[in-house]
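Below is the file data07.cif, which contains mmCIF, C-alpha atoms.
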data_entry
loop_
_atom_site.group_PDB
_atom_site.id
_atom_site.type_symbol
_atom_site.label_atom_id
_atom_site.label_comp_id
_atom_site.auth_asym_id
_atom_site.auth_seq_id
_atom_site.Cartn_x
_atom_site.Cartn_y
_atom_site.Cartn_z
ATOM 1 C CA MET A 1 0.000 0.000 0.000
ATOM 2 C CA ILE A 2 2.984 2.324 0.449
ATOM 3 C CA HIS A 3 3.328 2.533 -3.339
ATOM 4 C CA LEU A 4 -0.291 3.659 -3.678
ATOM 5 C CA LEU A 5 0.207 6.339 -1.048
ATOM 6 C CA LEU A 6 3.366 7.615 -2.756
ATOM 7 C CA ALA A 7 1.642 7.651 -6.168
ATOM 8 C CA ALA A 8 -1.292 9.628 -4.753
ATOM 9 C CA ILE A 9 1.040 12.075 -2.988
ATOM 10 C CA CYS A 10 2.996 12.682 -6.209
ATOM 11 C CA SER A 11 -0.239 13.300 -8.134
ATOM 12 C CA VAL A 12 -1.542 15.839 -5.626
ATOM 13 C CA LEU A 13 1.845 17.563 -5.334
ATOM 14 C CA VAL A 14 1.763 18.150 -9.101
ATOM 15 C CA SER A 15 -1.464 20.126 -8.605
ATOM 16 C CA VAL A 16 -0.012 21.941 -5.580
ATOM 17 C CA LEU A 17 3.018 22.998 -7.624
ATOM 18 C CA LEU A 18 0.783 24.225 -10.460
ATOM 19 C CA LYS A 19 -1.330 26.114 -7.908
ATOM 20 C CA LEU A 20 1.775 27.878 -6.561
ATOM 21 C CA ALA A 21 3.280 28.615 -9.987
ATOM 22 C CA ARG A 22 1.927 32.141 -10.351
ATOM 23 C CA ARG A 23 2.805 33.025 -6.771
ATOM 24 C CA LEU A 24 6.369 31.772 -7.310
ATOM 25 C CA ASP A 25 6.716 33.578 -10.677
ATOM 26 C CA VAL A 26 6.988 30.301 -12.575
ATOM 27 C CA ASP A 27 6.148 30.140 -16.289
ATOM 28 C CA VAL A 28 3.925 27.050 -16.457
ATOM 29 C CA GLY A 29 4.579 26.432 -20.159
ATOM 30 C CA GLN A 30 8.340 26.349 -19.646
ATOM 31 C CA ALA A 31 7.971 24.186 -16.532
ATOM 32 C CA ILE A 32 5.890 21.661 -18.476
ATOM 33 C CA ALA A 33 8.517 21.501 -21.227
ATOM 34 C CA TRP A 34 11.327 20.884 -18.696
ATOM 35 C CA ASN A 35 9.093 18.328 -17.014
ATOM 36 C CA TYR A 36 9.137 16.164 -20.149
ATOM 37 C CA VAL A 37 12.931 16.374 -20.353
ATOM 38 C CA VAL A 38 13.058 14.800 -16.888
ATOM 39 C CA ALA A 39 10.235 12.305 -17.522
ATOM 40 C CA ALA A 40 11.773 11.069 -20.798
ATOM 41 C CA SER A 41 15.237 10.777 -19.259
ATOM 42 C CA LEU A 42 13.975 8.874 -16.220
ATOM 43 C CA SER A 43 11.879 6.562 -18.422
ATOM 44 C CA ALA A 44 14.949 5.697 -20.506
ATOM 45 C CA TRP A 45 16.960 5.080 -17.331
ATOM 46 C CA ALA A 46 14.370 3.168 -15.284
ATOM 47 C CA PHE A 47 12.852 0.984 -17.997
ATOM 48 C CA ALA A 48 15.734 0.754 -20.502
ATOM 49 C CA PRO A 49 13.126 0.122 -23.208
ATOM 50 C CA ALA A 50 13.846 -1.615 -26.486
ATOM 51 C CA THR A 51 12.335 0.660 -29.127
ATOM 52 C CA SER A 52 12.237 -2.128 -31.733
ATOM 53 C CA GLY A 53 8.642 -2.837 -30.642
ATOM 54 C CA LEU A 54 7.624 0.605 -31.870
ATOM 55 C CA HIS A 55 8.847 -0.138 -35.393
ATOM 56 C CA ALA A 56 6.894 -3.391 -35.506
ATOM 57 C CA ALA A 57 3.613 -1.771 -34.388
ATOM 58 C CA ALA A 58 3.129 0.835 -37.109
ATOM 59 C CA ALA A 59 -0.622 1.002 -36.447
ATOM 60 C CA VAL A 60 -0.028 2.439 -32.961
ATOM 61 C CA TRP A 61 1.745 5.586 -34.157
ATOM 62 C CA PRO A 62 -1.429 7.671 -34.709
ATOM 63 C CA ALA A 63 -2.341 7.074 -31.046
ATOM 64 C CA LEU A 64 1.216 7.879 -29.919
ATOM 65 C CA LEU A 65 1.268 11.084 -31.981
ATOM 66 C CA ALA A 66 -2.107 12.105 -30.564
ATOM 67 C CA LEU A 67 -0.788 11.487 -27.044
ATOM 68 C CA GLY A 68 2.308 13.548 -27.836
ATOM 69 C CA VAL A 69 0.052 16.508 -28.635
ATOM 70 C CA LEU A 70 -2.533 15.953 -25.901
ATOM 71 C CA LEU A 71 -0.215 15.355 -22.940
ATOM 72 C CA PRO A 72 1.360 18.858 -22.848
ATOM 73 C CA THR A 73 -1.828 20.687 -23.875
ATOM 74 C CA ILE A 74 -3.966 18.954 -21.249
ATOM 75 C CA PHE A 75 -1.212 19.679 -18.724
ATOM 76 C CA LEU A 76 -1.768 23.358 -19.524
ATOM 77 C CA ALA A 77 -5.521 22.871 -19.089
ATOM 78 C CA LEU A 78 -4.866 21.235 -15.703
ATOM 79 C CA ALA A 79 -2.765 24.241 -14.688
ATOM 80 C CA GLY A 80 -5.614 26.557 -15.713
ATOM 81 C CA SER A 81 -8.125 24.420 -13.831
ATOM 82 C CA VAL A 82 -6.046 24.410 -10.647
ATOM 83 C CA ARG A 83 -5.628 28.180 -10.887
ATOM 84 C CA HIS A 84 -9.267 29.109 -11.612
ATOM 85 C CA ALA A 85 -11.286 26.213 -10.139
ATOM 86 C CA GLY A 86 -8.981 24.968 -7.377
ATOM 87 C CA ILE A 87 -7.223 21.724 -6.524
ATOM 88 C CA VAL A 88 -10.317 19.896 -5.253
ATOM 89 C CA ARG A 89 -12.377 20.303 -8.430
ATOM 90 C CA SER A 90 -9.375 19.725 -10.691
ATOM 91 C CA GLU A 91 -8.305 16.476 -9.049
ATOM 92 C CA VAL A 92 -11.860 15.115 -8.990
ATOM 93 C CA ALA A 93 -12.425 16.111 -12.639
ATOM 94 C CA GLN A 94 -9.225 14.299 -13.591
ATOM 95 C CA ARG A 95 -10.234 11.164 -11.670
ATOM 96 C CA LEU A 96 -13.788 11.171 -13.029
ATOM 97 C CA SER A 97 -12.376 11.129 -16.563
ATOM 98 C CA LEU A 98 -12.369 7.359 -16.122
ATOM 99 C CA LEU A 99 -16.086 7.580 -16.979
ATOM 100 C CA LEU A 100 -15.176 8.363 -20.579
ATOM 101 C CA SER A 101 -12.696 5.508 -20.763
ATOM 102 C CA LEU A 102 -15.350 3.157 -19.364
ATOM 103 C CA LEU A 103 -17.906 4.320 -21.911
ATOM 104 C CA ALA A 104 -15.292 3.720 -24.609
ATOM 105 C CA ALA A 105 -14.643 0.259 -23.169
ATOM 106 C CA PHE A 106 -18.323 -0.578 -23.553
ATOM 107 C CA ALA A 107 -18.751 1.063 -26.979
ATOM 108 C CA LEU A 108 -15.383 0.339 -28.629
ATOM 109 C CA PHE A 109 -13.774 -2.567 -26.808
ATOM 110 C CA GLY A 110 -16.795 -4.795 -26.202
ATOM 111 C CA GLU A 111 -16.684 -4.828 -22.389
ATOM 112 C CA PRO A 112 -20.046 -5.784 -20.786
ATOM 113 C CA LEU A 113 -21.858 -3.139 -18.724
ATOM 114 C CA SER A 114 -22.806 -4.369 -15.241
ATOM 115 C CA ALA A 115 -25.479 -2.762 -13.082
ATOM 116 C CA THR A 116 -22.871 -1.644 -10.539
ATOM 117 C CA LYS A 117 -20.809 0.099 -13.200
ATOM 118 C CA GLY A 118 -23.984 1.666 -14.592
ATOM 119 C CA TRP A 119 -24.794 3.159 -11.198
ATOM 120 C CA GLY A 120 -21.162 4.239 -10.847
ATOM 121 C CA ILE A 121 -21.283 6.080 -14.169
ATOM 122 C CA ALA A 122 -24.563 7.775 -13.212
ATOM 123 C CA ALA A 123 -23.117 8.848 -9.844
ATOM 124 C CA GLY A 124 -19.951 10.078 -11.551
ATOM 125 C CA LEU A 125 -21.815 12.243 -14.043
ATOM 126 C CA ALA A 126 -23.935 13.710 -11.234
ATOM 127 C CA ALA A 127 -20.745 14.316 -9.239
ATOM 128 C CA LEU A 128 -19.139 16.150 -12.162
ATOM 129 C CA LEU A 129 -22.189 18.393 -12.527
ATOM 130 C CA GLY A 130 -22.215 19.150 -8.795
ATOM 131 C CA LEU A 131 -18.499 19.947 -8.728
ATOM 132 C CA VAL A 132 -18.387 22.337 -11.681
ATOM 133 C CA TRP A 133 -21.677 24.111 -10.933
ATOM 134 C CA ARG A 134 -21.180 27.715 -9.904
ATOM 135 C CA PRO A 135 -24.090 30.100 -9.153
ATOM 136 C CA SER A 136 -24.123 33.080 -11.504
ATOM 137 C CA ILE A 137 -23.954 35.470 -8.561
ATOM 138 C CA ASP A 138 -20.778 33.780 -7.295
ATOM 139 C CA SER A 139 -18.545 35.938 -9.430
ATOM 140 C CA GLY A 140 -19.034 39.330 -10.990
ATOM 141 C CA ASP A 141 -16.249 38.580 -13.454
ATOM 142 C CA MET A 142 -18.043 36.484 -16.057
ATOM 143 C CA PRO A 143 -14.949 35.363 -18.005
ATOM 144 C CA ASP A 144 -13.286 34.191 -14.800
ATOM 145 C CA GLY A 145 -16.531 32.555 -13.706
ATOM 146 C CA ALA A 146 -16.662 30.665 -17.008
ATOM 147 C CA ARG A 147 -13.095 29.443 -16.529
ATOM 148 C CA ARG A 148 -14.106 27.883 -13.223
ATOM 149 C CA TRP A 149 -16.193 25.297 -15.028
ATOM 150 C CA THR A 150 -14.688 25.170 -18.545
ATOM 151 C CA PHE A 151 -11.194 24.213 -17.348
ATOM 152 C CA PRO A 152 -12.378 21.276 -15.181
ATOM 153 C CA LEU A 153 -14.507 20.070 -18.101
ATOM 154 C CA LEU A 154 -11.468 20.274 -20.393
ATOM 155 C CA VAL A 155 -9.492 18.256 -17.829
ATOM 156 C CA PHE A 156 -12.318 15.709 -17.657
ATOM 157 C CA LEU A 157 -12.557 15.353 -21.454
ATOM 158 C CA GLY A 158 -8.816 15.505 -22.101
ATOM 159 C CA PHE A 159 -7.743 12.900 -19.576
ATOM 160 C CA GLY A 160 -10.609 10.657 -20.707
ATOM 161 C CA VAL A 161 -9.387 10.768 -24.314
ATOM 162 C CA ILE A 162 -5.802 10.173 -23.138
ATOM 163 C CA ASP A 163 -6.900 7.083 -21.238
ATOM 164 C CA VAL A 164 -8.670 5.706 -24.329
ATOM 165 C CA LEU A 165 -5.503 6.297 -26.370
ATOM 166 C CA PHE A 166 -3.481 4.493 -23.690
ATOM 167 C CA LYS A 167 -5.799 1.517 -24.151
ATOM 168 C CA ARG A 168 -5.213 1.613 -27.902
ATOM 169 C CA VAL A 169 -1.457 1.548 -27.356
ATOM 170 C CA ALA A 170 -1.759 -1.322 -24.861
ATOM 171 C CA GLN A 171 -3.898 -3.300 -27.325
ATOM 172 C CA ALA A 172 -1.156 -3.020 -29.931
ATOM 173 C CA GLY A 173 1.184 -4.952 -27.646
ATOM 174 C CA VAL A 174 3.835 -2.242 -27.406
ATOM 175 C CA PRO A 175 6.057 -2.705 -24.298
ATOM 176 C CA LEU A 176 5.170 -0.221 -21.560
ATOM 177 C CA GLY A 177 8.649 1.275 -21.281
ATOM 178 C CA ALA A 178 8.941 1.905 -25.019
ATOM 179 C CA ALA A 179 5.440 3.417 -25.153
ATOM 180 C CA LEU A 180 6.144 5.770 -22.230
ATOM 181 C CA LEU A 181 9.458 6.901 -23.696
ATOM 182 C CA ALA A 182 7.870 7.562 -27.106
ATOM 183 C CA MET A 183 5.003 9.534 -25.552
ATOM 184 C CA PHE A 184 7.287 11.642 -23.360
ATOM 185 C CA VAL A 185 9.678 12.407 -26.240
ATOM 186 C CA LEU A 186 6.809 13.405 -28.549
ATOM 187 C CA ALA A 187 5.266 15.534 -25.773
ATOM 188 C CA LEU A 188 8.666 17.179 -25.250
ATOM 189 C CA LEU A 189 8.926 18.039 -28.962
ATOM 190 C CA VAL A 190 5.446 19.590 -28.958
ATOM 191 C CA SER A 191 6.278 21.544 -25.784
ATOM 192 C CA LEU A 192 9.545 22.813 -27.285
ATOM 193 C CA VAL A 193 7.747 24.041 -30.418
ATOM 194 C CA LEU A 194 5.158 25.874 -28.302
ATOM 195 C CA GLN A 195 7.789 27.468 -26.074
ATOM 196 C CA ALA A 196 10.038 28.417 -29.006
ATOM 197 C CA TRP A 197 7.082 30.268 -30.541
ATOM 198 C CA ARG A 198 6.355 32.030 -27.227
ATOM 199 C CA LEU A 199 10.010 33.029 -26.807
ATOM 200 C CA ALA A 200 10.301 34.249 -30.401
ATOM 201 C CA SER A 201 7.128 36.344 -30.084
ATOM 202 C CA GLY A 202 8.265 37.871 -26.789
ATOM 203 C CA GLN A 203 5.467 36.273 -24.750
ATOM 204 C CA ALA A 204 7.924 34.501 -22.437
ATOM 205 C CA HIS A 205 11.493 34.691 -21.209
ATOM 206 C CA LEU A 206 13.697 31.881 -19.975
ATOM 207 C CA GLY A 207 13.928 31.785 -16.185
ATOM 208 C CA GLY A 208 15.741 29.750 -13.577
ATOM 209 C CA ARG A 209 12.616 29.363 -11.446
ATOM 210 C CA SER A 210 10.710 27.816 -14.331
ATOM 211 C CA LEU A 211 13.587 25.408 -14.913
ATOM 212 C CA ALA A 212 13.689 24.380 -11.240
ATOM 213 C CA ALA A 213 9.906 23.994 -11.112
ATOM 214 C CA GLY A 214 9.999 21.917 -14.305
ATOM 215 C CA LEU A 215 12.621 19.568 -12.901
ATOM 216 C CA LEU A 216 10.536 19.056 -9.762
ATOM 217 C CA LEU A 217 7.377 18.650 -11.850
ATOM 218 C CA GLY A 218 9.100 15.982 -13.940
ATOM 219 C CA LEU A 219 10.185 14.058 -10.852
ATOM 220 C CA LEU A 220 6.650 14.138 -9.441
ATOM 221 C CA ASN A 221 5.052 13.233 -12.771
ATOM 222 C CA PHE A 222 7.375 10.279 -13.284
ATOM 223 C CA GLY A 223 7.097 9.267 -9.615
ATOM 224 C CA ASN A 224 3.313 9.118 -9.934
ATOM 225 C CA ILE A 225 3.592 6.703 -12.871
ATOM 226 C CA LEU A 226 6.393 4.617 -11.360
ATOM 227 C CA PHE A 227 4.761 4.113 -7.957
ATOM 228 C CA TYR A 228 1.394 3.345 -9.577
ATOM 229 C CA LEU A 229 3.037 0.612 -11.674
ATOM 230 C CA ARG A 230 4.860 -0.696 -8.600
ATOM 231 C CA ALA A 231 1.524 -0.904 -6.759
ATOM 232 C CA HIS A 232 0.117 -3.088 -9.545
ATOM 233 C CA GLN A 233 3.221 -5.285 -9.343
ATOM 234 C CA ALA A 234 2.931 -5.589 -5.551
ATOM 235 C CA LEU A 235 -0.786 -6.477 -5.737
ATOM 236 C CA PRO A 236 -1.056 -8.423 -9.003
ATOM 237 C CA GLY A 237 -4.292 -10.159 -8.095
ATOM 238 C CA GLN A 238 -6.106 -7.067 -6.806
ATOM 239 C CA PRO A 239 -6.347 -4.520 -9.637
ATOM 240 C CA ALA A 240 -9.638 -3.125 -8.287
ATOM 241 C CA LEU A 241 -7.970 -2.378 -4.944
ATOM 242 C CA VAL A 242 -5.122 -0.560 -6.701
ATOM 243 C CA PHE A 243 -7.531 1.391 -8.883
ATOM 244 C CA ALA A 244 -9.847 2.376 -6.022
ATOM 245 C CA GLY A 245 -6.974 3.126 -3.639
ATOM 246 C CA MET A 246 -5.260 5.407 -6.135
ATOM 247 C CA ASN A 247 -8.357 7.355 -7.122
ATOM 248 C CA LEU A 248 -9.826 7.654 -3.635
ATOM 249 C CA GLY A 249 -6.411 8.554 -2.240
ATOM 250 C CA VAL A 250 -5.951 11.362 -4.749
ATOM 251 C CA VAL A 251 -9.470 12.707 -4.153
ATOM 252 C CA ALA A 252 -8.980 12.633 -0.365
ATOM 253 C CA LEU A 253 -5.490 14.187 -0.395
ATOM 254 C CA GLY A 254 -6.546 16.730 -3.026
ATOM 255 C CA ALA A 255 -9.550 17.754 -0.934
ATOM 256 C CA LEU A 256 -7.322 18.047 2.138
ATOM 257 C CA ALA A 257 -4.780 20.209 0.312
ATOM 258 C CA GLY A 258 -7.411 22.408 -1.301
ATOM 259 C CA LEU A 259 -9.628 22.946 1.719
ATOM 260 C CA VAL A 260 -6.999 23.123 4.468
ATOM 261 C CA VAL A 261 -3.862 24.507 2.803
ATOM 262 C CA PHE A 262 -5.351 26.824 0.179
ATOM 263 C CA ARG A 263 -8.692 27.583 1.883
ATOM 264 C CA GLU A 264 -10.710 26.751 -1.214
ATOM 265 C CA ARG A 265 -14.441 27.320 -0.759
ATOM 266 C CA LEU A 266 -16.972 24.735 -1.839
ATOM 267 C CA SER A 267 -20.731 25.173 -1.869
ATOM 268 C CA ARG A 268 -23.061 22.541 -0.475
ATOM 269 C CA LEU A 269 -23.688 21.354 -4.015
ATOM 270 C CA ASN A 270 -19.939 21.075 -4.591
ATOM 271 C CA LEU A 271 -19.532 19.056 -1.387
ATOM 272 C CA ALA A 272 -22.383 16.783 -2.468
ATOM 273 C CA GLY A 273 -20.585 16.328 -5.784
ATOM 274 C CA LEU A 274 -17.378 15.412 -3.941
ATOM 275 C CA SER A 275 -19.261 12.763 -1.940
ATOM 276 C CA LEU A 276 -20.852 11.405 -5.125
ATOM 277 C CA ALA A 277 -17.394 11.223 -6.736
ATOM 278 C CA VAL A 278 -16.124 9.015 -3.905
ATOM 279 C CA LEU A 279 -19.221 6.812 -4.256
ATOM 280 C CA ALA A 280 -18.790 6.621 -8.047
ATOM 281 C CA ILE A 281 -15.128 5.557 -7.797
ATOM 282 C CA ALA A 282 -16.017 2.896 -5.213
ATOM 283 C CA LEU A 283 -18.842 1.518 -7.398
ATOM 284 C CA LEU A 284 -16.707 1.475 -10.534
ATOM 285 C CA ALA A 285 -13.891 -0.312 -8.726
ATOM 286 C CA ARG A 286 -16.289 -2.895 -7.332
ATOM 287 C CA GLY A 287 -18.197 -3.412 -10.591
#
Written as structure tokens, that's how I'd like the structure from this file.
Amino acid sequence: MIHLLLAAICSVLVSVLLKLARRLDVDVGQAIAWNYVVAASLSAWAFAPATSGLHAAAAVWPALLALGVLLPTIFLALAGSVRHAGIVRSEVAQRLSLLLSLLAAFALFGEPLSATKGWGIAAGLAALLGLVWRPSIDSGDMPDGARRWTFPLLVFLGFGVIDVLFKRVAQAGVPLGAALLAMFVLALLVSLVLQAWRLASGQAHLGGRSLAAGLLLGLLNFGNILFYLRAHQALPGQPALVFAGMNLGVVALGALAGLVVFRERLSRLNLAGLSLAVLAIALLARG
């Protein structure tokens, strides 16, 4: 269980770092680019993947290329969600994205839909609505008010699509280490293009703080993946326990960080949505 706890801590600390970025004068775009330098390097070192499997599975490259584009852009959406909607909503939106991957499993991969999973999906959708709902009188700044629900929805949709693409890659039989390295390298290339354009247009300037934050972000991002994989290895016969423990752990730690550390305010409807999210994750893990 220690691996699950460490994976959940790394996931929440990523959101905490993104939350503090503006306060620490960190350029999030640059930090995300440096993050993929670290993640790709650590993947090559930890897994020592043989890339020959990538050449043999030509059909998987569209999914890998899509992941290379989506990973850094959704990371930016997560940063926007943490900034405008808070850690609690952002973490729950990310975890509830499993609803989309489950719907894809039923529609695209032929997995049967049980009653328990059906109730879990219904509870998850209700939870998402409760978490992103903001009364119109809550904010006089309409654009900022819109960001408080559009960014979590982007996180929900983006991570759901990423999970479906992960399933496509896994179906192709590509070794995990090679797939991770390819995704991180492609994401790094996309990030470098975006940052080169920002630097050339004068929208950003290289900074040591952004570099340091990116290195830390990369360690946390890779640590989340590594410890999650180690948890599956330590509990090979209990995938539901690993899944539920990871998701519930992140929701609980994210709520603790958001409510206690950053004093995020949630309405009664938001709190009801948080409770429904916990119920949905438990039902989906059991079903």
* Asked: Near segment 244-261 of chain A, within 8 Å and counting all atoms listed in the file, which residues show up once chain neighbours fewer than 4 positions away are dropped, as a PyMOL selection string?
  -> chain A and resi 4-5+7-9+11-12+16+86-88+91-92+95+228+240+265+278+281-282+285
* Mind listing as an NGL selection string all residues within 10 Å of (10.4, 0.3, -19.8), counting only C-alpha atoms? -> :A and (42-51 or 175-181)
May I have the centre and edge lengths, in Å to one decimal, of an axis-aligned box around the listed atoms of segment 145-164 of chain A with 6 Å added to every side, as AutoDock Vina command-line options?
--center_x -11.2 --center_y 19.1 --center_z -18.8 --size_x 22.9 --size_y 38.8 --size_z 23.1
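Taking all atoms listed in the file, the non-local environment of Gly218 of chain A within 10 Å (same-chain residues fewer than 2 positions away omitted) comprises Val14, Ala31, Ile32, Ala33, Trp34, Asn35, Tyr36, Val37, Val38, Ala39, Ala40, Ser41, Leu42, Ala212, Ala213, Gly214, Leu215, Leu216, Leu220, Asn221, Phe222, Gly223 and Asn224 of chain A.
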Might you pull out every residue within 8 Å of segment 113-116 of chain A, with all atoms listed in the file counted and same-chain residues fewer than 5 positions away left off, and present them as a PDB file with C-alpha atoms, keeping the file's coordinate frame?
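Output below, filename part35.pdb:
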ATOM      1  CA  PHE A 106     -18.323  -0.578 -23.553  1.00  0.00           C
ATOM      2  CA  LEU A 283     -18.842   1.518  -7.398  1.00  0.00           C
ATOM      3  CA  LEU A 284     -16.707   1.475 -10.534  1.00  0.00           C
ATOM      4  CA  ARG A 286     -16.289  -2.895  -7.332  1.00  0.00           C
ATOM      5  CA  GLY A 287     -18.197  -3.412 -10.591  1.00  0.00           C
TER       6      GLY A 287
END
* Looking at all atoms listed in the file, which of A:Thr150, A:Gln171, A:Ser52, A:Ser90 is the one that sits closest to Leu274 of chain A? ->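 Selected residue with least distance to Leu274 of chain A: A:Ser90.
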* Tell me, as an MDAnalysis selection string, which residues lie within 12 Å of Ala196 of chain A, counting only C-alpha atoms; anything in the same chain fewer than 6 positions away does not count. => chainID A and resid 29:30 33 188:190 202:206
Could those residues be written to a file, using C-alpha atoms, as a PDB file, in the coordinates of the input?
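Generated output (out_20.pdb):
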ATOM      1  CA  GLY A  29       4.579  26.432 -20.159  1.00  0.00           C
ATOM      2  CA  GLN A  30       8.340  26.349 -19.646  1.00  0.00           C
ATOM      3  CA  ALA A  33       8.517  21.501 -21.227  1.00  0.00           C
ATOM      4  CA  LEU A 188       8.666  17.179 -25.250  1.00  0.00           C
ATOM      5  CA  LEU A 189       8.926  18.039 -28.962  1.00  0.00           C
ATOM      6  CA  VAL A 190       5.446  19.590 -28.958  1.00  0.00           C
ATOM      7  CA  GLY A 202       8.265  37.871 -26.789  1.00  0.00           C
ATOM      8  CA  GLN A 203       5.467  36.273 -24.750  1.00  0.00           C
ATOM      9  CA  ALA A 204       7.924  34.501 -22.437  1.00  0.00           C
ATOM     10  CA  HIS A 205      11.493  34.691 -21.209  1.00  0.00           C
ATOM     11  CA  LEU A 206      13.697  31.881 -19.975  1.00  0.00           C
TER      12      LEU A 206
END
* **Distance query Ala127 of chain A at most 9 Å, all atoms listed in the file, self and fewer than 3 positions along chain excluded, as a list in words** =>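 These residues fall inside the cut-off: Val92, Leu96, Ala122, Ala123, Gly124, Gly130, Leu131, Val132, Asn270, Ala272, Gly273, Leu274, Ser275, Leu276, Ala277, Val278 and Ala280 of chain A.
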Dump of C-alpha atoms for the selected residues, as a PDB file, keeping the file's coordinate frame:
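Contents of selection.pdb, freshly written:
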ATOM      1  CA  VAL A  92     -11.860  15.115  -8.990  1.00  0.00           C
ATOM      2  CA  LEU A  96     -13.788  11.171 -13.029  1.00  0.00           C
ATOM      3  CA  ALA A 122     -24.563   7.775 -13.212  1.00  0.00           C
ATOM      4  CA  ALA A 123     -23.117   8.848  -9.844  1.00  0.00           C
ATOM      5  CA  GLY A 124     -19.951  10.078 -11.551  1.00  0.00           C
ATOM      6  CA  GLY A 130     -22.215  19.150  -8.795  1.00  0.00           C
ATOM      7  CA  LEU A 131     -18.499  19.947  -8.728  1.00  0.00           C
ATOM      8  CA  VAL A 132     -18.387  22.337 -11.681  1.00  0.00           C
ATOM      9  CA  ASN A 270     -19.939  21.075  -4.591  1.00  0.00           C
ATOM     10  CA  ALA A 272     -22.383  16.783  -2.468  1.00  0.00           C
ATOM     11  CA  GLY A 273     -20.585  16.328  -5.784  1.00  0.00           C
ATOM     12  CA  LEU A 274     -17.378  15.412  -3.941  1.00  0.00           C
ATOM     13  CA  SER A 275     -19.261  12.763  -1.940  1.00  0.00           C
ATOM     14  CA  LEU A 276     -20.852  11.405  -5.125  1.00  0.00           C
ATOM     15  CA  ALA A 277     -17.394  11.223  -6.736  1.00  0.00           C
ATOM     16  CA  VAL A 278     -16.124   9.015  -3.905  1.00  0.00           C
ATOM     17  CA  ALA A 280     -18.790   6.621  -8.047  1.00  0.00           C
TER      18      ALA A 280
END
